[in-house]
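The file protein11.csv comes next; it holds CSV, C-alpha atoms.
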```csv
chain,number,residue,atom,x,y,z
A,1,MET,CA,-38.2,1.2,-10.6
A,2,PHE,CA,-38.7,1.1,-6.8
A,3,ARG,CA,-37.2,3.9,-4.8
A,4,ARG,CA,-37.2,4.5,-1.1
A,5,SER,CA,-38.2,7.8,0.3
A,6,PRO,CA,-35.4,9.6,2.0
A,7,ALA,CA,-37.3,9.5,5.3
A,8,LEU,CA,-37.4,5.7,5.2
A,9,ALA,CA,-33.9,5.2,3.9
A,10,ASP,CA,-32.3,6.1,7.3
A,11,ASP,CA,-35.0,4.7,9.5
A,12,ARG,CA,-33.4,1.7,11.2
A,13,SER,CA,-35.5,1.7,14.3
A,14,GLY,CA,-36.3,-1.8,15.4
A,15,LEU,CA,-33.5,-3.4,13.3
A,16,GLU,CA,-30.7,-5.2,14.9
A,17,ILE,CA,-27.2,-3.8,14.2
A,18,THR,CA,-24.9,-6.5,13.1
A,19,TYR,CA,-21.4,-6.7,14.5
A,20,TRP,CA,-19.7,-5.5,11.4
A,21,GLU,CA,-21.8,-2.3,11.5
A,22,SER,CA,-21.2,-1.6,15.1
A,23,ARG,CA,-18.3,0.9,14.5
A,24,ASP,CA,-19.5,2.4,11.2
A,25,GLU,CA,-20.3,5.8,12.8
A,26,GLU,CA,-16.9,6.0,14.5
A,27,LEU,CA,-15.0,5.1,11.3
A,28,LEU,CA,-17.0,7.6,9.2
A,29,LYS,CA,-16.1,10.4,11.6
A,30,ALA,CA,-12.4,9.4,12.1
A,31,GLY,CA,-9.9,11.9,10.7
A,32,LEU,CA,-6.4,11.4,9.5
A,33,PRO,CA,-4.7,12.0,12.9
A,34,ALA,CA,-6.9,9.4,14.5
A,35,MET,CA,-6.2,6.9,11.7
A,36,LEU,CA,-2.4,7.6,12.0
A,37,ARG,CA,-2.5,6.9,15.7
A,38,ARG,CA,-4.2,3.5,15.2
A,39,PHE,CA,-2.1,2.5,12.2
A,40,PRO,CA,0.9,1.0,14.1
A,41,ALA,CA,-1.4,-1.1,16.4
A,42,LEU,CA,-3.3,-2.4,13.3
A,43,VAL,CA,-0.1,-3.3,11.5
A,44,ALA,CA,1.2,-5.1,14.6
A,45,ALA,CA,-2.1,-7.0,14.9
A,46,ALA,CA,-2.0,-8.1,11.3
A,47,VAL,CA,1.6,-9.2,11.5
A,48,ARG,CA,0.9,-11.1,14.7
A,49,LEU,CA,-2.1,-12.9,13.1
A,50,ALA,CA,0.0,-13.7,10.0
A,51,TRP,CA,2.8,-15.0,12.2
A,52,GLU,CA,0.4,-17.3,14.1
A,53,ALA,CA,-1.0,-18.6,10.8
A,54,SER,CA,2.3,-19.4,9.1
A,55,ARG,CA,5.7,-18.2,10.4
A,56,ARG,CA,7.5,-19.3,7.2
A,57,ASP,CA,5.1,-17.6,4.8
A,58,THR,CA,5.1,-14.4,6.9
A,59,ALA,CA,8.9,-14.3,7.0
A,60,VAL,CA,9.1,-14.9,3.2
A,61,ALA,CA,6.5,-12.1,2.6
A,62,LEU,CA,8.3,-9.7,4.9
A,63,GLY,CA,11.7,-10.5,3.4
A,64,GLY,CA,10.4,-10.2,-0.2
A,65,ASN,CA,8.9,-6.8,0.5
A,66,LEU,CA,12.0,-5.6,2.1
A,67,ALA,CA,14.1,-6.8,-0.8
A,68,ALA,CA,11.7,-5.2,-3.3
A,69,GLY,CA,12.1,-1.9,-1.4
A,70,VAL,CA,15.9,-2.1,-1.6
A,71,PHE,CA,15.8,-2.9,-5.3
A,72,THR,CA,13.4,0.0,-5.9
A,73,ALA,CA,15.7,2.4,-4.1
A,74,PHE,CA,18.6,1.1,-6.1
A,75,GLY,CA,16.7,1.5,-9.3
A,76,LEU,CA,15.9,5.1,-8.5
A,77,LEU,CA,19.5,5.9,-7.8
A,78,ALA,CA,20.6,4.3,-11.0
A,79,THR,CA,17.8,6.3,-12.8
A,80,SER,CA,19.3,9.5,-11.6
A,81,ASP,CA,22.7,8.4,-13.0
A,82,VAL,CA,21.0,7.7,-16.4
A,83,LEU,CA,19.4,11.1,-16.5
A,84,ALA,CA,22.6,12.8,-15.4
A,85,SER,CA,24.5,11.1,-18.3
A,86,LEU,CA,21.8,11.9,-20.8
A,87,PHE,CA,21.6,15.6,-19.9
A,88,ALA,CA,25.3,16.1,-19.8
A,89,ALA,CA,27.1,18.2,-22.3
A,90,GLY,CA,28.5,16.6,-25.4
A,91,PRO,CA,27.3,14.8,-28.6
A,92,THR,CA,24.2,12.6,-28.3
A,93,PRO,CA,25.8,9.2,-29.1
A,94,GLY,CA,28.5,9.8,-26.5
A,95,ARG,CA,25.9,10.6,-23.8
A,96,VAL,CA,23.8,7.6,-24.7
A,97,ARG,CA,26.9,5.3,-24.5
A,98,ALA,CA,27.8,6.9,-21.1
A,99,ALA,CA,24.2,6.2,-19.9
A,100,LEU,CA,24.2,2.5,-20.9
A,101,PRO,CA,25.9,1.0,-17.8
A,102,ALA,CA,23.5,2.9,-15.5
A,103,LEU,CA,20.6,1.9,-17.7
A,104,ALA,CA,21.6,-1.8,-17.4
A,105,LEU,CA,21.6,-1.3,-13.6
A,106,VAL,CA,18.0,0.1,-13.8
A,107,GLY,CA,16.9,-2.9,-15.8
A,108,ALA,CA,18.6,-5.3,-13.4
A,109,ALA,CA,17.0,-3.6,-10.4
A,110,ALA,CA,13.6,-3.7,-12.1
A,111,GLY,CA,14.0,-7.4,-12.9
A,112,LEU,CA,15.2,-8.3,-9.4
A,113,ARG,CA,12.3,-6.4,-7.9
A,114,GLY,CA,9.9,-8.2,-10.1
A,115,ALA,CA,11.3,-11.6,-9.2
```
Can the structure from this file be put into C-alpha cells for me?
Amino acid sequence: MFRRSPALADDRSGLEITYWESRDEELLKAGLPAMLRRFPALVAAAVRLAWEASRRDTAVALGGNLAAGVFTAFGLLATSDVLASLFAAGPTPGRVRAALPALALVGAAAGLRGA
C-alpha cells in the first residue's frame, strides 16, 4: 500500500488553492463565539436564497417547521400531565385511567407533528 511521507503530505507549494479551500484555515481556527456571531447572517442568507428560489415552498417549509415546534411543545406539556397522573398516589388502575386523556393528547400531538 502506498503511503505519503508526513513531510510531503502538507507540502502544497506550487499547487493552486481552489475557491472552496480558500477559507479552510479560518474555519478550522474559528471558535464557538465566532460561529455564533456569524450564525444569524448565515441563516438570513439561506432564507433569502430560498425565498428567491421559491416563495411558496419557503413559506410552506417555514410554516411547517413552526407548526412542528408548537406540536412538540404541546406534546411535552401533555407528557408532564401523563407523568403527574402516573406518579400520583392511589391504586395503579385509577392512575392509568387518569393518565389516558393526557396520553391521548401526547399521541395526537406526535401524530400532528409527524404530519
Distance CA of Leu77 in chain A-CA of Leu103 in chain A, one decimal place?
->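 So the answer is 10.7 Å.
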Separation of CA of Ser85 in chain A from CA of Leu100 in chain A in Å
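Here the two named atoms are 9.0 Å from each other.
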Atom pair CA of Ala34 in chain A + CA of Arg48 in chain A, distance 21.9 Å
Residue with the minimum atom-to-atom distance to Leu66 in chain A, picked from A:Glu16, A:Arg113, A:Leu86, A:Glu26 with only C-alpha atoms counted, is A:Arg113
Top pick for closest residue to Leu76 in chain A, considering A:Pro101, A:Gly114, A:Gly63, A:Gly107 and counting all atoms listed in the file: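 Nearest candidate to Leu76 in chain A out of A:Pro101, A:Gly114, A:Gly63, A:Gly107: A:Gly107.
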Open item on the list: Calculated over all atoms listed in the file, which of the candidates A:Phe87, A:Val82, A:Gly94, A:Ala44 has the smallest distance to Val106 in chain A?
Closed with: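 Residue with the minimum atom-to-atom distance to Val106 in chain A: A:Val82.
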Since the input is missing atoms, can you rebuild all heavy atoms for range 57-68 of chain A and write them as an mmCIF file, in the frame of the given file?
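Wrote out.cif, looks like this:
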```
data_model
loop_
_atom_site.group_PDB
_atom_site.id
_atom_site.type_symbol
_atom_site.label_atom_id
_atom_site.label_comp_id
_atom_site.auth_asym_id
_atom_site.auth_seq_id
_atom_site.Cartn_x
_atom_site.Cartn_y
_atom_site.Cartn_z
ATOM 1 N N ASP A 57 5.676 -18.441 5.838
ATOM 2 C CA ASP A 57 5.100 -17.600 4.800
ATOM 3 C C ASP A 57 5.190 -16.107 5.183
ATOM 4 O O ASP A 57 5.427 -15.255 4.325
ATOM 5 C CB ASP A 57 3.630 -17.959 4.565
ATOM 6 C CG ASP A 57 3.485 -19.303 3.870
ATOM 7 O OD1 ASP A 57 4.490 -19.800 3.325
ATOM 8 O OD2 ASP A 57 2.365 -19.854 3.870
ATOM 9 N N THR A 58 5.003 -15.798 6.457
ATOM 10 C CA THR A 58 5.100 -14.400 6.900
ATOM 11 C C THR A 58 6.535 -13.908 6.750
ATOM 12 O O THR A 58 6.750 -12.786 6.273
ATOM 13 C CB THR A 58 4.660 -14.291 8.376
ATOM 14 O OG1 THR A 58 3.322 -14.777 8.479
ATOM 15 C CG2 THR A 58 4.718 -12.858 8.848
ATOM 16 N N ALA A 59 7.514 -14.729 7.132
ATOM 17 C CA ALA A 59 8.900 -14.300 7.000
ATOM 18 C C ALA A 59 9.286 -14.135 5.526
ATOM 19 O O ALA A 59 9.978 -13.168 5.169
ATOM 20 C CB ALA A 59 9.823 -15.357 7.648
ATOM 21 N N VAL A 60 8.804 -15.019 4.656
ATOM 22 C CA VAL A 60 9.100 -14.900 3.200
ATOM 23 C C VAL A 60 8.453 -13.617 2.666
ATOM 24 O O VAL A 60 9.081 -12.877 1.894
ATOM 25 C CB VAL A 60 8.608 -16.140 2.452
ATOM 26 C CG1 VAL A 60 8.624 -15.915 0.952
ATOM 27 C CG2 VAL A 60 9.467 -17.338 2.814
ATOM 28 N N ALA A 61 7.222 -13.338 3.055
ATOM 29 C CA ALA A 61 6.500 -12.100 2.600
ATOM 30 C C ALA A 61 7.235 -10.865 3.050
ATOM 31 O O ALA A 61 7.446 -9.932 2.270
ATOM 32 C CB ALA A 61 5.080 -12.141 3.022
ATOM 33 N N LEU A 62 7.610 -10.838 4.328
ATOM 34 C CA LEU A 62 8.300 -9.700 4.900
ATOM 35 C C LEU A 62 9.671 -9.478 4.196
ATOM 36 O O LEU A 62 10.048 -8.362 3.824
ATOM 37 C CB LEU A 62 8.447 -9.751 6.369
ATOM 38 C CG LEU A 62 7.148 -9.616 7.163
ATOM 39 C CD1 LEU A 62 7.409 -9.876 8.642
ATOM 40 C CD2 LEU A 62 6.538 -8.248 6.963
ATOM 41 N N GLY A 63 10.409 -10.576 4.048
ATOM 42 C CA GLY A 63 11.700 -10.500 3.400
ATOM 43 C C GLY A 63 11.599 -10.089 1.943
ATOM 44 O O GLY A 63 12.399 -9.281 1.448
ATOM 45 N N GLY A 64 10.612 -10.615 1.236
ATOM 46 C CA GLY A 64 10.400 -10.200 -0.200
ATOM 47 C C GLY A 64 10.049 -8.778 -0.320
ATOM 48 O O GLY A 64 10.546 -8.105 -1.233
ATOM 49 N N ASN A 65 9.204 -8.266 0.566
ATOM 50 C CA ASN A 65 8.900 -6.800 0.500
ATOM 51 C C ASN A 65 10.037 -5.952 0.836
ATOM 52 O O ASN A 65 10.211 -4.883 0.234
ATOM 53 C CB ASN A 65 7.675 -6.540 1.422
ATOM 54 C CG ASN A 65 6.366 -6.944 0.796
ATOM 55 O OD1 ASN A 65 6.055 -6.506 -0.305
ATOM 56 N ND2 ASN A 65 5.613 -7.781 1.474
ATOM 57 N N LEU A 66 10.845 -6.381 1.787
ATOM 58 C CA LEU A 66 12.000 -5.600 2.100
ATOM 59 C C LEU A 66 13.022 -5.594 0.943
ATOM 60 O O LEU A 66 13.562 -4.544 0.590
ATOM 61 C CB LEU A 66 12.713 -6.205 3.365
ATOM 62 C CG LEU A 66 13.947 -5.469 3.878
ATOM 63 C CD1 LEU A 66 13.578 -4.068 4.334
ATOM 64 C CD2 LEU A 66 14.567 -6.248 5.025
ATOM 65 N N ALA A 67 13.231 -6.750 0.313
ATOM 66 C CA ALA A 67 14.100 -6.800 -0.800
ATOM 67 C C ALA A 67 13.571 -5.983 -2.000
ATOM 68 O O ALA A 67 14.340 -5.281 -2.687
ATOM 69 C CB ALA A 67 14.298 -8.272 -1.283
ATOM 70 N N ALA A 68 12.260 -6.012 -2.212
ATOM 71 C CA ALA A 68 11.700 -5.200 -3.300
ATOM 72 C C ALA A 68 11.882 -3.719 -3.014
ATOM 73 O O ALA A 68 12.168 -2.954 -3.942
ATOM 74 C CB ALA A 68 10.166 -5.500 -3.387
#
```
